[in-house]
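Asker: Just passing along the structure, written as structure tokens.
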Amino acid sequence: MKHAREENPPDLVAALALARSPQRPGPGTPAGGAVRAWPGPPVAFPKAGPGELDVQALLRLSLAASDGSGRLRPAPSAGALHPVDTELTVGAGCSLPPGRYGYDPLRHRAHRLGPRPEGTPPGVTAGLSVTARRTVSHYGHRAWPLLLLDTGHAAAALYLAARALGVSEPEVRLDGLAGNPPAAVHIPPPGSAGFPEPCEPTPAELLARRSAPPPLPGAPSQEALRAVLTTAARAGTGDLRWCAAVGPPRPGLMEPAAHGATLRRYAAGEARPTLAAWAAGQAWIADAGAVLLAVGCPTGADAPHIRRAHLRAGFAVHLAHVTARRHGLAARPVGSWQQADLGAALGAAPGRDWVVHALALGTRHADEENTT
């Protein structure tokens with residue numbers, strides 16, 4: 001099978017429809033190498049000078065593996081398979097000399113691939129592509145939406161790392177128009193501008209983020225749930241609608257009110273058991289404290305729309321995850337959804353409002369439960 005950076009699925013519309021179907025994946029296949037084998041020589045990261053973007057720190061805070069297996073990284077990935085590959089185009093104002101580089105997140109090193117293209121702007125542009133085989137090895141025909149979600153998470157990790165290093169406005173391209181690479185993040189050298197809300201992330205906060213193991217019991221407070229929903233809605237604008245499924249004493253679906261200061265209930269009833277069935281039968285979701293949902297990407301959406309919605313969903317859920325941790329919540333992204341037509345379940349026209357991505361939330365997680 002060719003890598004996704006070499007070809008896109010022949011029909012992304014059909015690939016998504018199959019991923020949403022109840023058909024189960026077949027037996028697992030070999031995943032291949034854990035990272036892309038870059039052809040150029042490895043280059044040591046120089047120390048950043050005054051006013052330069054510290055490329056080593058940027059990658060350490062966003063994409064670098066923190067254990068020998070390569071599974072633990074700041075950006076989550078379906079099945080911890082990490083299919084996202086990163087090619088860097090470096091201009092002036094960076095700790096790395098200008099040029100093109102491939103990044104190895106297991107060994108935390110760059111491989112020089114060649115000179116920078118003419119007109120490269122100052123800073124670094126990270127082009128994010130995928131090696132589909134890694135995710136296909138476990139998820140089979142369900143892999144393609146997961147590959148796009150993972151890419152969105154990686155883009156968000158780079159965005160947050162840049163913010164932590166003093167870059168006020170990283171430029172994130174998640175427009176869905178390009179199939180290769182589907183996403184890119186441009187990070188200029190740090191400036192003196194301040195940070196708008198939400199507040200600046202810290203390096204320690206970014207290095208500590210992890211997907212909490214299930215179960216995730218305990219209902220979030222209204223304040224915490226509103227903050228998580230607001231973060232997701234701001235970051236995932238456009239093609240997606242954001243809501244949260246909550247349980248007793250008043251189970252239902254909540255969404256931000258028009259003014260954003262409160263939450264409003266727009267559907268009543270317990271949705272979490274149904275979500276558990278839709279999410280590849282992950283029964284623990286039925287008992288999660290709340291489930292943040294990205295909804296949209298209608299049946300028949302074209303390939304750019306599919307790419308854009310899934311990339312933006314992964315990006316927004318990643319930022320919402322960091323917000324959840326700031327409010328003391330345990331959280332875990334949930335990316336695989338089958339027959340998850342939320343709109344039809346609520347009595348609307350079918351095929352318009354599918355669950356695209358989710359973030360399960362709780363006040364406690366499995367590690368804490370086992371110690372009490």
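Residue numbers start at 1 in each chain; chains themselves are named A, B, ... in the order of the structure tokens; ligands are numbered from 1 in the order shown.
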When you look at Gly296 in chain A with a cut-off of 12 Å (counting only C-alpha atoms), what residues show up, excluding the ones that are within fewer than 2 positions of it in the same chain? I need them as a PyMOL selection string.
Answerer: chain A and resi 236-243+293-294+298-301+305-306+308-310+312-313+340-344+350-357
Asker: Using DSSP secondary structure from the backbone, list all strand (DSSP E) positions within range 56-221 of chain A, as a short mmCIF file (atom, residue, chain, number, x, y, z; two decimals) with all heavy atoms, in the first residue's frame.
Answerer:
```
data_model
loop_
_atom_site.label_atom_id
_atom_site.label_comp_id
_atom_site.auth_asym_id
_atom_site.auth_seq_id
_atom_site.Cartn_x
_atom_site.Cartn_y
_atom_site.Cartn_z
N VAL A 84 1.24 10.68 11.58
CA VAL A 84 1.55 11.99 11.01
C VAL A 84 3.06 12.16 10.84
O VAL A 84 3.85 11.92 11.76
CB VAL A 84 0.99 13.12 11.90
CG1 VAL A 84 1.35 14.50 11.32
CG2 VAL A 84 -0.53 12.99 12.03
N ASP A 85 3.45 12.57 9.64
CA ASP A 85 4.85 12.88 9.31
C ASP A 85 4.99 14.38 9.14
O ASP A 85 4.09 15.05 8.61
CB ASP A 85 5.26 12.18 8.01
CG ASP A 85 5.12 10.67 8.08
OD1 ASP A 85 5.41 10.10 9.14
OD2 ASP A 85 4.71 10.07 7.07
N THR A 86 6.15 14.92 9.54
CA THR A 86 6.35 16.37 9.55
C THR A 86 7.57 16.74 8.73
O THR A 86 8.69 16.28 9.01
CB THR A 86 6.53 16.88 10.98
OG1 THR A 86 5.43 16.44 11.79
CG2 THR A 86 6.60 18.40 11.02
N GLU A 87 7.35 17.57 7.71
CA GLU A 87 8.45 18.12 6.92
C GLU A 87 8.52 19.62 7.20
O GLU A 87 7.51 20.33 7.10
CB GLU A 87 8.24 17.86 5.43
CG GLU A 87 9.41 18.33 4.57
CD GLU A 87 9.31 17.86 3.13
OE1 GLU A 87 8.79 16.75 2.90
OE2 GLU A 87 9.77 18.60 2.25
N LEU A 88 9.70 20.09 7.55
CA LEU A 88 9.92 21.48 7.94
C LEU A 88 10.56 22.26 6.81
O LEU A 88 11.56 21.81 6.23
CB LEU A 88 10.81 21.55 9.18
CG LEU A 88 10.40 20.71 10.39
CD1 LEU A 88 11.49 20.73 11.45
CD2 LEU A 88 9.08 21.21 10.96
N THR A 89 10.01 23.42 6.52
CA THR A 89 10.65 24.38 5.62
C THR A 89 11.07 25.57 6.46
O THR A 89 10.22 26.28 7.01
CB THR A 89 9.70 24.82 4.50
OG1 THR A 89 9.26 23.66 3.77
CG2 THR A 89 10.40 25.76 3.54
N VAL A 90 12.37 25.76 6.61
CA VAL A 90 12.91 26.71 7.56
C VAL A 90 13.44 27.93 6.82
O VAL A 90 14.23 27.82 5.87
CB VAL A 90 14.04 26.08 8.39
CG1 VAL A 90 14.62 27.08 9.38
CG2 VAL A 90 13.52 24.84 9.12
N GLY A 99 16.45 25.83 5.16
CA GLY A 99 16.47 24.62 4.36
C GLY A 99 15.21 23.82 4.58
O GLY A 99 14.28 24.26 5.26
N ARG A 100 15.18 22.64 3.99
CA ARG A 100 14.08 21.69 4.15
C ARG A 100 14.58 20.52 4.99
O ARG A 100 15.66 19.99 4.76
CB ARG A 100 13.58 21.19 2.80
CG ARG A 100 12.87 22.22 1.96
CD ARG A 100 12.52 21.70 0.58
NE ARG A 100 11.92 20.37 0.64
CZ ARG A 100 12.53 19.25 0.20
NH1 ARG A 100 13.74 19.30 -0.33
NH2 ARG A 100 11.92 18.09 0.29
N TYR A 101 13.73 20.10 5.97
CA TYR A 101 14.12 19.05 6.90
C TYR A 101 12.95 18.08 7.12
O TYR A 101 11.79 18.48 7.11
CB TYR A 101 14.51 19.64 8.26
CG TYR A 101 15.67 20.59 8.24
CD1 TYR A 101 15.49 21.93 7.92
CD2 TYR A 101 16.96 20.15 8.54
CE1 TYR A 101 16.55 22.82 7.91
CE2 TYR A 101 18.05 21.03 8.53
CZ TYR A 101 17.83 22.36 8.22
OH TYR A 101 18.89 23.23 8.20
N GLY A 102 13.27 16.83 7.36
CA GLY A 102 12.29 15.85 7.84
C GLY A 102 12.52 15.64 9.32
O GLY A 102 13.67 15.53 9.77
N TYR A 103 11.44 15.57 10.09
CA TYR A 103 11.57 15.45 11.55
C TYR A 103 11.32 14.02 11.99
O TYR A 103 10.32 13.39 11.61
CB TYR A 103 10.59 16.39 12.25
CG TYR A 103 10.63 16.25 13.76
CD1 TYR A 103 11.82 16.45 14.45
CD2 TYR A 103 9.49 15.91 14.48
CE1 TYR A 103 11.87 16.31 15.83
CE2 TYR A 103 9.52 15.78 15.85
CZ TYR A 103 10.72 15.98 16.52
OH TYR A 103 10.77 15.83 17.89
N ASP A 104 12.23 13.49 12.81
CA ASP A 104 12.12 12.17 13.41
C ASP A 104 11.70 12.34 14.87
O ASP A 104 12.53 12.71 15.71
CB ASP A 104 13.46 11.43 13.33
CG ASP A 104 13.42 10.04 13.94
OD1 ASP A 104 12.49 9.74 14.71
OD2 ASP A 104 14.34 9.25 13.66
N ARG A 109 15.22 14.45 16.17
CA ARG A 109 16.27 15.05 15.35
C ARG A 109 15.70 15.36 13.98
O ARG A 109 14.68 14.81 13.55
CB ARG A 109 17.47 14.12 15.24
CG ARG A 109 17.22 12.84 14.46
CD ARG A 109 18.40 11.90 14.56
NE ARG A 109 18.22 10.73 13.68
CZ ARG A 109 19.01 9.67 13.71
NH1 ARG A 109 20.03 9.61 14.57
NH2 ARG A 109 18.81 8.65 12.88
N ALA A 110 16.38 16.26 13.29
CA ALA A 110 15.98 16.66 11.95
C ALA A 110 16.95 16.09 10.93
O ALA A 110 18.14 15.93 11.20
CB ALA A 110 15.93 18.18 11.85
N HIS A 111 16.43 15.78 9.74
CA HIS A 111 17.25 15.30 8.62
C HIS A 111 17.19 16.35 7.52
O HIS A 111 16.09 16.67 7.03
CB HIS A 111 16.73 13.96 8.12
CG HIS A 111 16.94 12.84 9.07
ND1 HIS A 111 17.86 11.84 8.87
CD2 HIS A 111 16.34 12.56 10.27
CE1 HIS A 111 17.83 10.99 9.88
NE2 HIS A 111 16.90 11.40 10.74
N ARG A 112 18.32 16.83 7.11
CA ARG A 112 18.33 17.85 6.06
C ARG A 112 18.00 17.21 4.72
O ARG A 112 18.64 16.25 4.29
CB ARG A 112 19.68 18.56 6.00
CG ARG A 112 19.68 19.71 5.00
CD ARG A 112 20.94 20.56 5.08
NE ARG A 112 20.93 21.58 4.04
CZ ARG A 112 20.36 22.77 4.14
NH1 ARG A 112 19.74 23.09 5.28
NH2 ARG A 112 20.40 23.65 3.16
N LEU A 113 16.99 17.78 4.04
CA LEU A 113 16.53 17.25 2.77
C LEU A 113 17.00 18.08 1.59
O LEU A 113 17.04 17.58 0.46
CB LEU A 113 15.00 17.17 2.76
CG LEU A 113 14.35 16.37 3.88
CD1 LEU A 113 12.83 16.45 3.77
CD2 LEU A 113 14.82 14.93 3.89
N GLY A 114 17.32 19.34 1.82
CA GLY A 114 17.75 20.19 0.72
C GLY A 114 17.59 21.65 1.07
O GLY A 114 17.22 22.02 2.19
N VAL A 124 9.38 28.95 10.51
CA VAL A 124 9.33 27.57 10.03
C VAL A 124 7.90 27.21 9.65
O VAL A 124 6.94 27.60 10.33
CB VAL A 124 9.87 26.59 11.09
CG1 VAL A 124 9.06 26.66 12.38
CG2 VAL A 124 9.89 25.16 10.57
N THR A 125 7.75 26.50 8.54
CA THR A 125 6.46 25.95 8.14
C THR A 125 6.53 24.44 8.25
O THR A 125 7.39 23.80 7.66
CB THR A 125 6.11 26.34 6.69
OG1 THR A 125 6.05 27.76 6.60
CG2 THR A 125 4.76 25.75 6.29
N ALA A 126 5.63 23.87 9.05
CA ALA A 126 5.55 22.43 9.23
C ALA A 126 4.45 21.88 8.34
O ALA A 126 3.27 22.18 8.55
CB ALA A 126 5.26 22.09 10.69
N GLY A 127 4.83 21.11 7.32
CA GLY A 127 3.86 20.43 6.47
C GLY A 127 3.54 19.07 7.06
O GLY A 127 4.43 18.27 7.33
N LEU A 128 2.26 18.81 7.30
CA LEU A 128 1.82 17.59 7.98
C LEU A 128 1.15 16.64 6.99
O LEU A 128 0.09 16.96 6.43
CB LEU A 128 0.85 17.93 9.11
CG LEU A 128 1.38 18.90 10.17
CD1 LEU A 128 0.29 19.26 11.16
CD2 LEU A 128 2.60 18.33 10.88
N SER A 129 1.76 15.52 6.74
CA SER A 129 1.19 14.47 5.90
C SER A 129 1.08 13.20 6.75
O SER A 129 1.40 13.21 7.94
CB SER A 129 2.06 14.23 4.66
OG SER A 129 3.37 13.88 5.03
N VAL A 130 0.60 12.11 6.16
CA VAL A 130 0.43 10.88 6.94
C VAL A 130 0.97 9.68 6.18
O VAL A 130 0.98 9.64 4.96
CB VAL A 130 -1.05 10.62 7.29
CG1 VAL A 130 -1.59 11.69 8.22
CG2 VAL A 130 -1.92 10.49 6.05
N GLU A 171 0.16 30.64 12.05
CA GLU A 171 -0.82 30.52 10.97
C GLU A 171 -1.08 29.05 10.68
O GLU A 171 -0.16 28.32 10.30
CB GLU A 171 -0.31 31.22 9.71
CG GLU A 171 -1.27 31.15 8.53
CD GLU A 171 -0.70 31.75 7.28
OE1 GLU A 171 0.42 32.31 7.33
OE2 GLU A 171 -1.35 31.64 6.22
N VAL A 172 -2.31 28.62 10.86
CA VAL A 172 -2.69 27.21 10.70
C VAL A 172 -3.53 27.07 9.44
O VAL A 172 -4.55 27.76 9.29
CB VAL A 172 -3.47 26.70 11.93
CG1 VAL A 172 -3.78 25.22 11.78
CG2 VAL A 172 -2.68 26.95 13.21
N ARG A 173 -3.12 26.20 8.53
CA ARG A 173 -3.87 25.97 7.30
C ARG A 173 -4.59 24.62 7.39
O ARG A 173 -3.97 23.56 7.33
CB ARG A 173 -2.95 25.97 6.08
CG ARG A 173 -3.71 26.07 4.75
CD ARG A 173 -2.93 25.50 3.60
NE ARG A 173 -2.96 24.03 3.67
CZ ARG A 173 -2.03 23.24 3.13
NH1 ARG A 173 -0.97 23.76 2.56
NH2 ARG A 173 -2.14 21.93 3.21
N ALA A 183 -2.43 19.56 5.81
CA ALA A 183 -2.39 20.65 6.78
C ALA A 183 -0.97 21.19 6.87
O ALA A 183 0.01 20.49 6.60
CB ALA A 183 -2.84 20.17 8.16
N ALA A 184 -0.87 22.46 7.27
CA ALA A 184 0.43 23.09 7.48
C ALA A 184 0.28 24.13 8.56
O ALA A 184 -0.78 24.73 8.74
CB ALA A 184 0.94 23.72 6.19
N VAL A 185 1.36 24.35 9.30
CA VAL A 185 1.39 25.36 10.35
C VAL A 185 2.64 26.21 10.12
O VAL A 185 3.75 25.68 10.09
CB VAL A 185 1.44 24.74 11.76
CG1 VAL A 185 1.41 25.83 12.83
CG2 VAL A 185 0.27 23.77 11.96
N HIS A 186 2.44 27.52 9.93
CA HIS A 186 3.58 28.44 9.80
C HIS A 186 3.79 29.17 11.11
O HIS A 186 2.85 29.76 11.67
CB HIS A 186 3.36 29.45 8.68
CG HIS A 186 4.47 30.47 8.62
ND1 HIS A 186 5.76 30.14 8.26
CD2 HIS A 186 4.48 31.80 8.91
CE1 HIS A 186 6.52 31.22 8.31
NE2 HIS A 186 5.77 32.24 8.71
N ILE A 187 5.02 29.13 11.61
CA ILE A 187 5.36 29.72 12.90
C ILE A 187 6.45 30.74 12.67
O ILE A 187 7.61 30.38 12.39
CB ILE A 187 5.81 28.64 13.89
CG1 ILE A 187 4.69 27.61 14.07
CG2 ILE A 187 6.19 29.25 15.23
CD1 ILE A 187 5.17 26.21 14.25
#
```
Asker: From the set A:Ala261, A:Leu149, A:Ala92, A:Val334, which residue has the shortest atom-to-atom contact distance to Leu229 in chain A, counting only C-alpha atoms?
Answerer: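 Counting only C-alpha atoms, the residue closest to Leu229 in chain A is A:Ala261.
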Asker: Please produce, as a Markdown table, a per-residue contact table for range 236-288 of chain A versus range 214-228 of chain A (criterion: any atom at most 9 Å away, only C-alpha atoms considered), showing the nearest atom pair and its distance in Å to one decimal, sorted by chain then residue number.
Answerer:
```
| residue | atom | partner | partner_atom | distance |
| --- | --- | --- | --- | --- |
| A:Ala244 | CA | A:Leu225 | CA | 8.1 |
| A:Val246 | CA | A:Ala219 | CA | 7.6 |
| A:Gly247 | CA | A:Ala219 | CA | 7.6 |
| A:Pro248 | CA | A:Ala219 | CA | 8.8 |
| A:Glu255 | CA | A:Arg226 | CA | 8.3 |
| A:Pro256 | CA | A:Arg226 | CA | 6.9 |
| A:Gly260 | CA | A:Arg226 | CA | 8.3 |
| A:Ala261 | CA | A:Arg226 | CA | 7.8 |
| A:Thr262 | CA | A:Arg226 | CA | 6.7 |
| A:Leu263 | CA | A:Arg226 | CA | 6.3 |
| A:Trp284 | CA | A:Pro215 | CA | 5.6 |
| A:Ile285 | CA | A:Pro215 | CA | 7.5 |
| A:Asp287 | CA | A:Pro217 | CA | 6.0 |
| A:Ala288 | CA | A:Pro217 | CA | 4.8 |
```
